[in-house]
$ cat model_32.txt   # compact mmCIF, C-alpha atoms
# COMPACT_ATOMS: atom_id res chain seq x y z
CA MET A 1 19.38 77.31 221.80
CA SER A 2 16.72 74.95 220.43
CA GLU A 3 13.16 76.04 219.76
CA SER A 4 11.87 73.94 222.66
CA ALA A 5 14.38 75.54 225.04
CA ALA A 6 13.40 79.02 223.80
CA SER A 7 9.73 78.23 224.38
CA GLU A 8 10.50 76.97 227.88
CA LEU A 9 12.45 80.11 228.76
CA ALA A 10 9.76 82.39 227.29
CA GLN A 11 7.09 80.94 229.58
CA PHE A 12 9.08 82.05 232.63
CA LEU A 13 9.23 85.68 231.41
CA SER A 14 5.94 86.73 232.99
CA ILE A 15 4.87 88.71 236.02
CA ARG A 16 2.91 85.62 237.04
CA THR A 17 6.11 83.61 237.41
CA ARG A 18 7.45 83.02 240.92
CA PRO A 19 9.88 85.91 241.63
CA ASP A 20 12.99 83.78 242.18
CA VAL A 21 12.37 81.82 238.97
CA LEU A 22 11.74 85.02 237.00
CA GLN A 23 14.93 86.57 238.38
CA ALA A 24 16.93 83.50 237.35
CA ALA A 25 15.51 83.61 233.81
CA VAL A 26 16.28 87.31 233.39
CA SER A 27 19.75 86.89 234.92
CA TYR A 28 20.52 84.22 232.34
CA LEU A 29 19.49 86.61 229.57
CA VAL A 30 21.75 89.31 231.02
CA GLN A 31 24.71 86.92 230.86
CA ILE A 32 24.24 86.08 227.18
CA SER A 33 22.79 89.38 225.94
CA ALA A 34 26.10 90.75 224.65
CA LYS A 35 26.87 87.54 222.74
CA ASP A 36 25.58 86.16 219.43
CA GLU A 37 23.71 83.60 221.50
CA GLY A 38 21.59 86.39 222.95
CA VAL A 39 20.47 87.59 219.52
CA GLN A 40 19.72 84.03 218.39
CA LEU A 41 17.66 83.34 221.50
CA PHE A 42 15.75 86.60 221.19
CA THR A 43 14.74 85.90 217.58
CA THR A 44 14.07 82.12 217.73
CA GLU A 45 10.51 80.97 216.94
CA ASP A 46 9.41 84.30 215.54
CA PHE A 47 10.80 86.26 218.48
CA LYS A 48 9.10 84.16 221.14
CA VAL A 49 11.58 85.18 223.85
CA GLY A 50 11.70 88.70 222.47
CA ARG A 51 7.93 89.11 222.63
CA ALA A 52 7.78 87.73 226.15
CA LEU A 53 10.60 90.00 227.34
CA CYS A 54 9.07 93.14 225.80
CA GLN A 55 5.69 92.29 227.31
CA LEU A 56 7.30 91.72 230.70
CA PHE A 57 9.01 95.10 230.42
CA VAL A 58 5.67 96.82 229.83
CA GLU A 59 3.83 94.93 232.57
CA LEU A 60 6.45 95.40 235.27
CA GLY A 61 6.30 99.20 235.21
CA GLY A 62 9.29 99.40 237.56
CA ASN A 63 12.43 97.57 238.70
CA ARG A 64 13.38 96.89 235.06
CA SER A 65 17.12 97.51 235.21
CA ALA A 66 18.07 93.97 234.21
CA ILE A 67 15.60 93.96 231.31
CA PHE A 68 16.95 97.31 230.12
CA THR A 69 20.43 95.78 230.13
CA VAL A 70 19.30 92.75 228.11
CA LEU A 71 17.49 94.83 225.50
CA THR A 72 20.24 97.43 225.19
CA ASN A 73 22.93 94.79 224.66
CA ILE A 74 20.95 92.73 222.16
CA VAL A 75 19.78 95.76 220.18
CA ALA A 76 23.38 97.01 219.94
CA GLY A 77 24.39 93.85 218.08
CA SER A 78 21.41 93.36 215.78
CA ALA A 79 19.47 95.62 213.44
CA GLU A 80 16.87 92.83 213.16
CA VAL A 81 16.23 92.95 216.89
CA ALA A 82 16.19 96.75 216.88
CA ASN A 83 13.58 96.72 214.12
CA PHE A 84 11.43 94.27 216.09
CA VAL A 85 11.65 96.29 219.29
CA VAL A 86 10.72 99.53 217.52
CA ASN A 87 7.85 98.02 215.52
CA GLN A 88 6.36 95.42 217.85
CA SER A 89 6.48 96.87 221.33
CA GLU A 90 5.71 99.95 223.40
CA LEU A 91 9.31 100.29 224.49
CA VAL A 92 9.95 103.60 222.75
CA ARG A 93 6.95 105.13 224.50
CA ARG A 94 7.95 103.74 227.88
CA CYS A 95 11.56 104.87 227.44
CA ALA A 96 10.38 108.37 226.54
CA GLU A 97 8.22 108.51 229.68
CA VAL A 98 11.22 107.58 231.83
CA CYS A 99 13.64 109.96 230.07
CA ASP A 100 11.27 112.91 230.29
CA LYS A 101 12.02 113.06 234.03
CA VAL A 102 15.82 112.92 233.52
CA ASP A 103 16.23 111.46 236.96
CA GLY A 104 17.28 108.18 238.46
CA LYS A 105 19.06 105.08 237.17
CA GLU A 106 16.25 103.99 234.85
CA CYS A 107 16.54 107.26 232.97
CA LEU A 108 20.13 106.45 232.04
CA LEU A 109 19.16 102.92 231.01
CA ALA A 110 16.24 104.16 228.92
CA ALA A 111 18.40 106.78 227.22
CA LYS A 112 21.02 104.13 226.37
CA LEU A 113 18.34 101.91 224.82
CA LEU A 114 16.93 104.80 222.78
CA ALA A 115 20.44 105.65 221.60
CA ASN A 116 21.02 102.08 220.40
CA LEU A 117 17.62 101.84 218.72
CA SER A 118 18.07 105.17 216.93
CA THR A 119 21.53 104.16 215.73
CA HIS A 120 19.90 101.45 213.62
CA PHE A 121 16.63 103.17 212.71
CA PRO A 122 16.72 106.92 213.39
CA GLY A 123 13.68 107.62 211.22
CA LYS A 124 11.43 105.03 212.85
CA VAL A 125 12.44 105.97 216.38
CA TYR A 126 12.04 109.68 215.60
CA GLU A 127 8.49 109.21 214.31
CA LYS A 128 7.46 107.21 217.38
CA LEU A 129 9.23 109.52 219.80
CA ASN A 130 7.83 112.61 218.10
CA ASP A 131 4.27 111.42 218.78
CA ILE A 132 5.07 111.05 222.46
CA TRP A 133 7.62 113.81 222.95
CA PRO A 134 7.04 116.40 220.19
CA ARG A 135 9.53 118.87 221.69
CA PHE A 136 12.32 116.30 222.02
CA VAL A 137 14.77 118.18 219.79
CA GLU A 138 14.29 121.45 221.70
CA ASN A 139 14.40 119.72 225.09
CA ALA A 140 17.50 117.70 224.20
CA VAL A 141 19.37 120.85 223.13
CA ASP A 142 18.39 122.61 226.37
CA LEU A 143 19.49 119.62 228.46
CA LEU A 144 22.86 119.47 226.71
CA LEU A 145 23.45 123.12 227.58
CA LYS A 146 22.70 122.63 231.27
CA SER A 147 25.53 122.32 233.75
CA ASP A 148 23.91 119.11 235.01
CA SER A 149 26.35 116.27 234.39
CA HIS A 150 23.71 113.52 234.50
CA GLU A 151 25.00 110.83 232.13
CA ALA A 152 21.52 110.26 230.73
CA ILE A 153 21.68 113.68 229.08
CA ASP A 154 24.72 112.59 227.09
CA TYR A 155 22.84 109.56 225.76
CA LEU A 156 19.86 111.70 224.83
CA GLY A 157 22.45 113.78 222.97
CA TYR A 158 23.50 110.65 221.08
CA VAL A 159 19.85 110.14 220.14
CA LEU A 160 19.83 113.71 218.81
CA VAL A 161 22.98 112.99 216.79
CA ASN A 162 21.24 109.97 215.26
CA PHE A 163 18.16 112.05 214.52
CA SER A 164 20.37 114.62 212.78
CA HIS A 165 20.71 112.08 209.97
CA ILE A 166 17.10 113.00 209.13
CA SER A 167 16.71 115.99 206.80
CA LYS A 168 13.77 117.62 208.58
CA VAL A 169 15.52 117.36 211.94
CA ARG A 170 18.64 118.98 210.50
CA LYS A 171 16.48 121.76 209.15
CA GLU A 172 14.82 122.25 212.54
CA ILE A 173 18.14 122.31 214.39
CA CYS A 174 19.70 124.69 211.88
CA SER A 175 16.84 127.17 211.91
CA ALA A 176 15.97 127.15 215.61
CA TYR A 177 18.69 125.70 217.83
CA MET A 178 22.05 125.63 216.09
CA LYS A 179 23.41 128.83 217.60
CA LYS A 180 22.39 127.72 221.09
CA PHE A 181 24.77 124.79 221.21
CA LEU A 182 27.71 126.22 219.23
CA PRO A 183 29.43 127.13 222.56
CA LEU A 184 29.63 123.39 223.31
CA ILE A 185 32.27 123.08 220.57
CA SER A 186 34.79 125.20 222.45
CA GLN A 187 34.16 123.88 225.97
CA LYS A 188 36.25 120.95 227.21
CA ASP A 189 34.70 120.21 230.60
CA LYS A 190 32.17 117.83 229.06
CA PRO A 191 33.95 116.04 226.19
CA ARG A 192 30.97 113.87 225.30
CA ARG A 193 28.74 116.87 224.76
CA ARG A 194 31.46 118.56 222.77
CA MET A 195 31.59 115.62 220.37
CA ILE A 196 27.80 115.54 220.19
CA ALA A 197 27.76 119.19 219.09
CA ILE A 198 30.55 118.62 216.56
CA ASP A 199 28.79 115.59 215.06
CA ILE A 200 25.55 117.53 214.72
CA ILE A 201 27.06 120.63 213.11
CA ARG A 202 28.95 118.36 210.71
CA ASN A 203 25.66 116.74 209.71
CA LEU A 204 24.05 120.15 209.19
CA SER A 205 26.67 120.95 206.57
CA PHE A 206 25.52 118.11 204.32
CA ASP A 207 22.39 120.06 203.31
CA ASP A 208 23.13 122.80 200.78
CA GLU A 209 19.97 124.66 201.80
CA ASN A 210 21.45 125.10 205.30
CA HIS A 211 24.59 126.84 204.08
CA THR A 212 23.13 130.35 203.99
CA ALA A 213 22.03 130.08 207.61
CA LEU A 214 25.34 128.54 208.70
CA LEU A 215 27.49 131.15 206.99
CA ASP A 216 25.49 134.20 208.03
CA ALA A 217 26.83 137.67 208.71
CA ASP A 218 27.46 137.26 212.44
CA GLU A 219 30.02 134.51 211.76
CA ASP A 220 29.08 132.44 214.85
CA PHE A 221 29.12 129.10 213.04
CA LEU A 222 32.32 129.74 211.11
CA THR A 223 34.09 131.05 214.22
CA ALA A 224 33.05 127.99 216.22
CA VAL A 225 34.28 125.60 213.53
CA LEU A 226 37.57 127.39 212.86
CA SER A 227 38.62 128.17 216.45
CA PRO A 228 39.83 124.61 217.25
CA LEU A 229 41.83 124.61 214.00
CA ALA A 230 43.61 127.89 214.75
CA ASP A 231 46.53 128.66 217.04
CA SER A 232 48.01 131.82 218.52
CA ASN A 233 51.38 130.88 216.98
CA ASP A 234 50.06 130.74 213.41
CA ASP A 235 52.27 132.74 211.05
CA LEU A 236 49.76 135.10 209.46
CA GLU A 237 50.37 138.36 207.67
CA ASP A 238 48.35 141.43 208.66
CA ASP A 239 46.35 141.35 205.46
CA GLU A 240 45.53 137.68 206.05
CA ILE A 241 44.44 138.36 209.61
CA SER A 242 42.15 141.16 208.45
CA LYS A 243 40.13 138.69 206.35
CA LEU A 244 39.39 136.31 209.23
CA PRO A 245 36.14 136.39 211.21
CA ILE A 246 36.39 139.21 213.76
CA ARG A 247 36.72 136.95 216.81
CA LEU A 248 39.58 135.03 215.21
CA GLN A 249 41.67 138.05 214.40
CA TYR A 250 44.68 138.00 216.78
CA TYR A 251 43.43 134.71 218.20
CA ASP A 252 45.14 133.83 221.49
CA GLY A 253 44.00 130.21 221.87
CA ASP A 254 45.67 126.87 221.21
CA ARG A 255 44.98 124.47 218.37
CA GLU A 256 42.91 121.39 219.20
CA THR A 257 45.22 118.43 219.83
CA ASP A 258 42.62 115.73 219.15
CA ALA A 259 43.07 114.74 215.49
CA GLY A 260 39.58 113.19 215.40
CA ILE A 261 37.94 116.47 216.36
CA ARG A 262 40.03 118.39 213.85
CA GLN A 263 39.09 115.93 211.11
CA LYS A 264 35.36 116.29 211.74
CA LEU A 265 35.61 120.07 211.62
CA ILE A 266 37.63 119.89 208.40
CA GLU A 267 34.96 117.60 206.93
CA THR A 268 32.33 120.17 207.93
CA LEU A 269 34.15 122.89 206.00
CA TYR A 270 34.66 120.50 203.09
CA GLN A 271 30.91 119.85 202.85
CA LEU A 272 30.33 123.61 202.70
CA CYS A 273 32.39 123.63 199.51
CA ALA A 274 29.57 121.89 197.65
CA THR A 275 28.06 125.23 196.62
CA LYS A 276 29.73 128.12 194.84
CA ALA A 277 28.28 130.71 197.22
CA SER A 278 29.69 128.88 200.25
CA ARG A 279 33.11 128.44 198.65
CA GLU A 280 33.25 132.17 198.01
CA VAL A 281 32.33 132.94 201.62
CA LEU A 282 35.05 130.61 202.92
CA ARG A 283 37.58 132.29 200.65
CA SER A 284 36.50 135.79 201.67
CA LYS A 285 36.82 134.89 205.36
CA GLY A 286 40.42 133.75 205.01
CA VAL A 287 39.68 130.11 205.86
CA TYR A 288 42.56 129.00 203.64
CA TYR A 289 45.11 130.80 205.81
CA ILE A 290 44.07 128.89 208.93
CA LEU A 291 44.09 125.62 207.01
CA ARG A 292 47.53 126.39 205.61
CA GLU A 293 48.92 126.88 209.11
CA LEU A 294 47.12 123.78 210.35
CA ASP A 295 48.68 121.76 207.54
CA LYS A 296 52.14 123.09 208.37
CA ALA A 297 51.71 122.36 212.08
CA THR A 298 50.42 118.82 211.65
CA ALA A 299 52.39 117.62 208.60
CA GLU A 300 54.49 114.49 208.96
CA PRO A 301 58.26 115.15 208.92
CA THR A 302 59.71 114.53 205.47
CA ASP A 303 63.16 113.98 203.98
CA PRO A 304 64.47 117.50 203.19
CA SER A 305 66.18 116.16 200.07
CA ALA A 306 62.97 114.65 198.70
CA PRO A 307 60.88 116.54 196.09
CA PRO A 308 57.78 118.37 197.37
CA PRO A 309 54.86 115.94 197.73
CA LYS A 310 51.78 116.26 195.58
CA MET A 311 48.45 116.84 197.26
CA LYS A 312 46.02 113.96 196.82
CA LEU A 313 43.00 116.10 196.26
CA THR A 314 40.52 113.31 195.51
CA ASP A 315 41.59 110.96 198.29
CA GLN A 316 39.19 110.88 201.25
CA GLU A 317 42.14 110.34 203.60
CA HIS A 318 43.43 113.78 202.60
CA THR A 319 40.34 115.89 203.20
CA LEU A 320 42.44 118.78 204.47
CA HIS A 321 44.39 118.93 201.23
CA ALA A 322 41.23 118.53 199.19
CA LEU A 323 39.69 121.44 201.09
CA ILE A 324 42.78 123.60 200.61
CA GLY A 325 42.71 122.73 196.93
CA MET A 326 39.13 123.98 196.65
CA LEU A 327 39.82 127.26 198.43
CA ILE A 328 43.21 128.18 197.00
CA ARG A 329 41.78 128.44 193.48
CA TYR A 330 39.45 130.95 191.90
CA GLU A 331 36.18 129.51 190.62
CA ALA A 332 37.37 129.88 187.03
CA ASP A 333 40.32 127.60 187.82
CA LEU A 334 38.15 124.75 189.07
CA ASP A 335 36.95 122.14 186.63
CA ILE A 336 33.33 122.80 187.61
CA ASP A 337 30.44 124.02 185.49
CA PRO A 338 29.81 127.61 186.73
CA ASN A 339 26.07 127.07 186.29
CA LEU A 340 26.04 124.02 188.58
CA GLU A 341 24.33 124.91 191.85
CA SER A 342 25.92 122.05 193.81
CA ILE A 343 28.70 119.61 193.03
CA ARG A 344 27.21 116.87 195.21
CA SER A 345 25.63 115.28 192.18
CA LEU A 346 29.11 114.82 190.71
CA GLY A 347 30.25 112.63 193.59
CA GLU A 348 33.70 113.24 195.04
CA PRO A 349 34.87 116.69 193.82
CA ARG A 350 37.74 116.36 191.33
CA ILE A 351 40.05 119.30 190.72
CA THR A 352 43.47 119.71 189.20
CA GLU A 353 46.27 118.41 191.40
CA ILE A 354 48.55 121.18 192.69
CA THR A 355 51.77 121.25 194.64
CA GLU A 356 51.86 122.19 198.29
CA GLY A 357 52.42 125.85 198.97
CA GLU A 358 51.26 127.01 195.53
CA GLU A 359 49.55 130.35 195.79
$ encode --input "model_32.txt" --output "structure tokens"
Amino acid sequence: MSESAASELAQFLSIRTRPDVLQAAVSYLVQISAKDEGVQLFTTEDFKVGRALCQLFVELGGNRSAIFTVLTNIVAGSAEVANFVVNQSELVRRCAEVCDKVDGKECLLAAKLLANLSTHFPGKVYEKLNDIWPRFVENAVDLLLKSDSHEAIDYLGYVLVNFSHISKVRKEICSAYMKKFLPLISQKDKPRRRMIAIDIIRNLSFDDENHTALLDADEDFLTAVLSPLADSNDDLEDDEISKLPIRLQYYDGDRETDAGIRQKLIETLYQLCATKASREVLRSKGVYYILRELDKATAEPTDPSAPPPKMKLTDQEHTLHALIGMLIRYEADLDIDPNLESIRSLGEPRITEITEGEE
């Protein structure tokens, strides 16, 4: 759209515009908001349409469903637009005010917009939201644990996932709320909330300083992560079973069938291998035995006459094998400086390639 056309449209985006004309202008924006044309129109002439739309949103105070749709769609496709909306308008504040009630259609729309904004700029949105809603993290965790199936809660959960990319938020969740939402990992009635919990606990594992709290004596975290990877039909010896976390000994559940969920949990365990202390805990708790059975149960069929395959221990597509490779060895057998506190600084961990099934 030309600059003159953008200017013409922007002048109609006002509460002083005749209602039918305003509705037509907003309806047009809804139609193009999910296309490249929508982003181009929003940003033309130094965000002339964008500024007018954000101002209209603030001035209306209600009946903003169509504007929510426009902003949510455009923000989803453009970090530039997301940055403008976060920096140049009061939208974050207004969305927080709507979401705080967790009621009605606008709450869902506001939560979707916050989720899209925080996908692009979690730090900026967190700082603004924290000024308005300082207990957001605590409240979001509590809402996720409620039986209420309001869809807006799921989107606030996505905001929390985005915020868990921020170190201080991970620290807060780990120290104060992590154990509260671990049960979400095993429930299947609300699959969205299950994935939210799994994404968050995976992010917690990226901070070495969180490992002590995650792998504490009561084994809640480790049990929650390992349960979906285990199966009642796993072929474990008695001495192997005795090393497992208490609640996984003689486990009578079924292995998670969703490969995506299994992969995220494997990645969580893999991140815990960054520190020597965590690797030793995982070994002492028999994690290898569960991973061995998982590998056997999920391996692709192979030609029985072919030689045993080698494990690609430094290939990101083979995180399970890389994890097994870390745990099957004693520390002295790993090509890692014993005085190194964390191997994250080395990049992708590199250890000697071993054959499958080697003890």
$ closest_residue --input "model_32.txt" --among "A:Glu172, A:Glu59, A:Asp234, A:Asp208" --to "Arg292 in chain A" --atoms "all atoms listed in the file"
A:Asp234
$ atom_distance --input "model_32.txt" --atom1 "CA of Glu240 in chain A" --atom2 "CA of Leu265 in chain A"
21.0 Å
$ residues_around --input "model_32.txt" --residues "Ile198 in chain A" --least-positions-apart "5" --cutoff "8 Å" --atoms "all atoms listed in the file" --output "ChimeraX atom specification"
/A:185,261,264-265
$ write_last_selection --input "model_32.txt" --atoms "C-alpha atoms" --output "CSV table (one decimal), in the coordinates of the input"
chain,number,residue,atom,x,y,z
A,185,ILE,CA,32.3,123.1,220.6
A,261,ILE,CA,37.9,116.5,216.4
A,264,LYS,CA,35.4,116.3,211.7
A,265,LEU,CA,35.6,120.1,211.6
$ residues_around --input "model_32.txt" --residues "Ala96 in chain A" --least-positions-apart "4" --cutoff "8 Å" --atoms "all atoms listed in the file" --output "PDB file with C-alpha atoms, in the coordinates of the input"
ATOM      1  CA  VAL A  92       9.950 103.600 222.750  1.00  0.00           C
ATOM      2  CA  ASP A 100      11.270 112.910 230.290  1.00  0.00           C
ATOM      3  CA  ALA A 110      16.240 104.160 228.920  1.00  0.00           C
ATOM      4  CA  LEU A 129       9.230 109.520 219.800  1.00  0.00           C
ATOM      5  CA  ILE A 132       5.070 111.050 222.460  1.00  0.00           C
ATOM      6  CA  TRP A 133       7.620 113.810 222.950  1.00  0.00           C
TER       7      TRP A 133
END
$ closest_residue --input "model_32.txt" --among "A:Arg192, A:Arg329, A:His165, A:Lys276" --to "Phe121 in chain A" --atoms "all atoms listed in the file"
A:His165
$ atom_distance --input "model_32.txt" --atom1 "CA of Leu29 in chain A" --atom2 "CA of Ile153 in chain A"
27.2 Å
$ residues_around --input "model_32.txt" --residues "range 76-82 of chain A" --least-positions-apart "4" --cutoff "6 Å" --atoms "all atoms listed in the file" --output "PDB file with C-alpha atoms, keeping the file's coordinate frame"
ATOM      1  CA  ASN A 116      21.020 102.080 220.400  1.00  0.00           C
ATOM      2  CA  LEU A 117      17.620 101.840 218.720  1.00  0.00           C
ATOM      3  CA  HIS A 120      19.900 101.450 213.620  1.00  0.00           C
TER       4      HIS A 120
END
$ atom_distance --input "model_32.txt" --atom1 "CA of Asp218 in chain A" --atom2 "CA of Ala274 in chain A"
21.4 Å
$ residues_around --input "model_32.txt" --residues "range 41-46 of chain A" --least-positions-apart "3" --cutoff "10 Å" --atoms "all atoms listed in the file" --output "PyMOL selection string"
chain A and resi 1-7+9-10+29+32-33+36-38+49-53+70-71+74+80-81+84
$ residues_near_point --input "model_32.txt" --point "(30.9, 135.3, 214.4)" --cutoff "12 Å" --atoms "only C-alpha atoms" --output "list in words"
Lys179, Leu182, Pro183, Leu214, Leu215, Asp216, Ala217, Asp218, Glu219, Asp220, Phe221, Leu222, Thr223, Ala224, Val225, Leu226, Ser227, Leu244, Pro245, Ile246, Arg247, Leu248, Gln249 and Lys285 of chain A
$ closest_residue --input "model_32.txt" --among "A:Gln40, A:Thr268, A:Ser118, A:Ser65" --to "Gly104 in chain A" --atoms "only C-alpha atoms"
A:Ser65
$ residues_around --input "model_32.txt" --residues "Phe68 in chain A" --least-positions-apart "6" --cutoff "9 Å" --atoms "only C-alpha atoms" --output "MDAnalysis selection string"
chainID A and resid 57 106 109:110 112:113
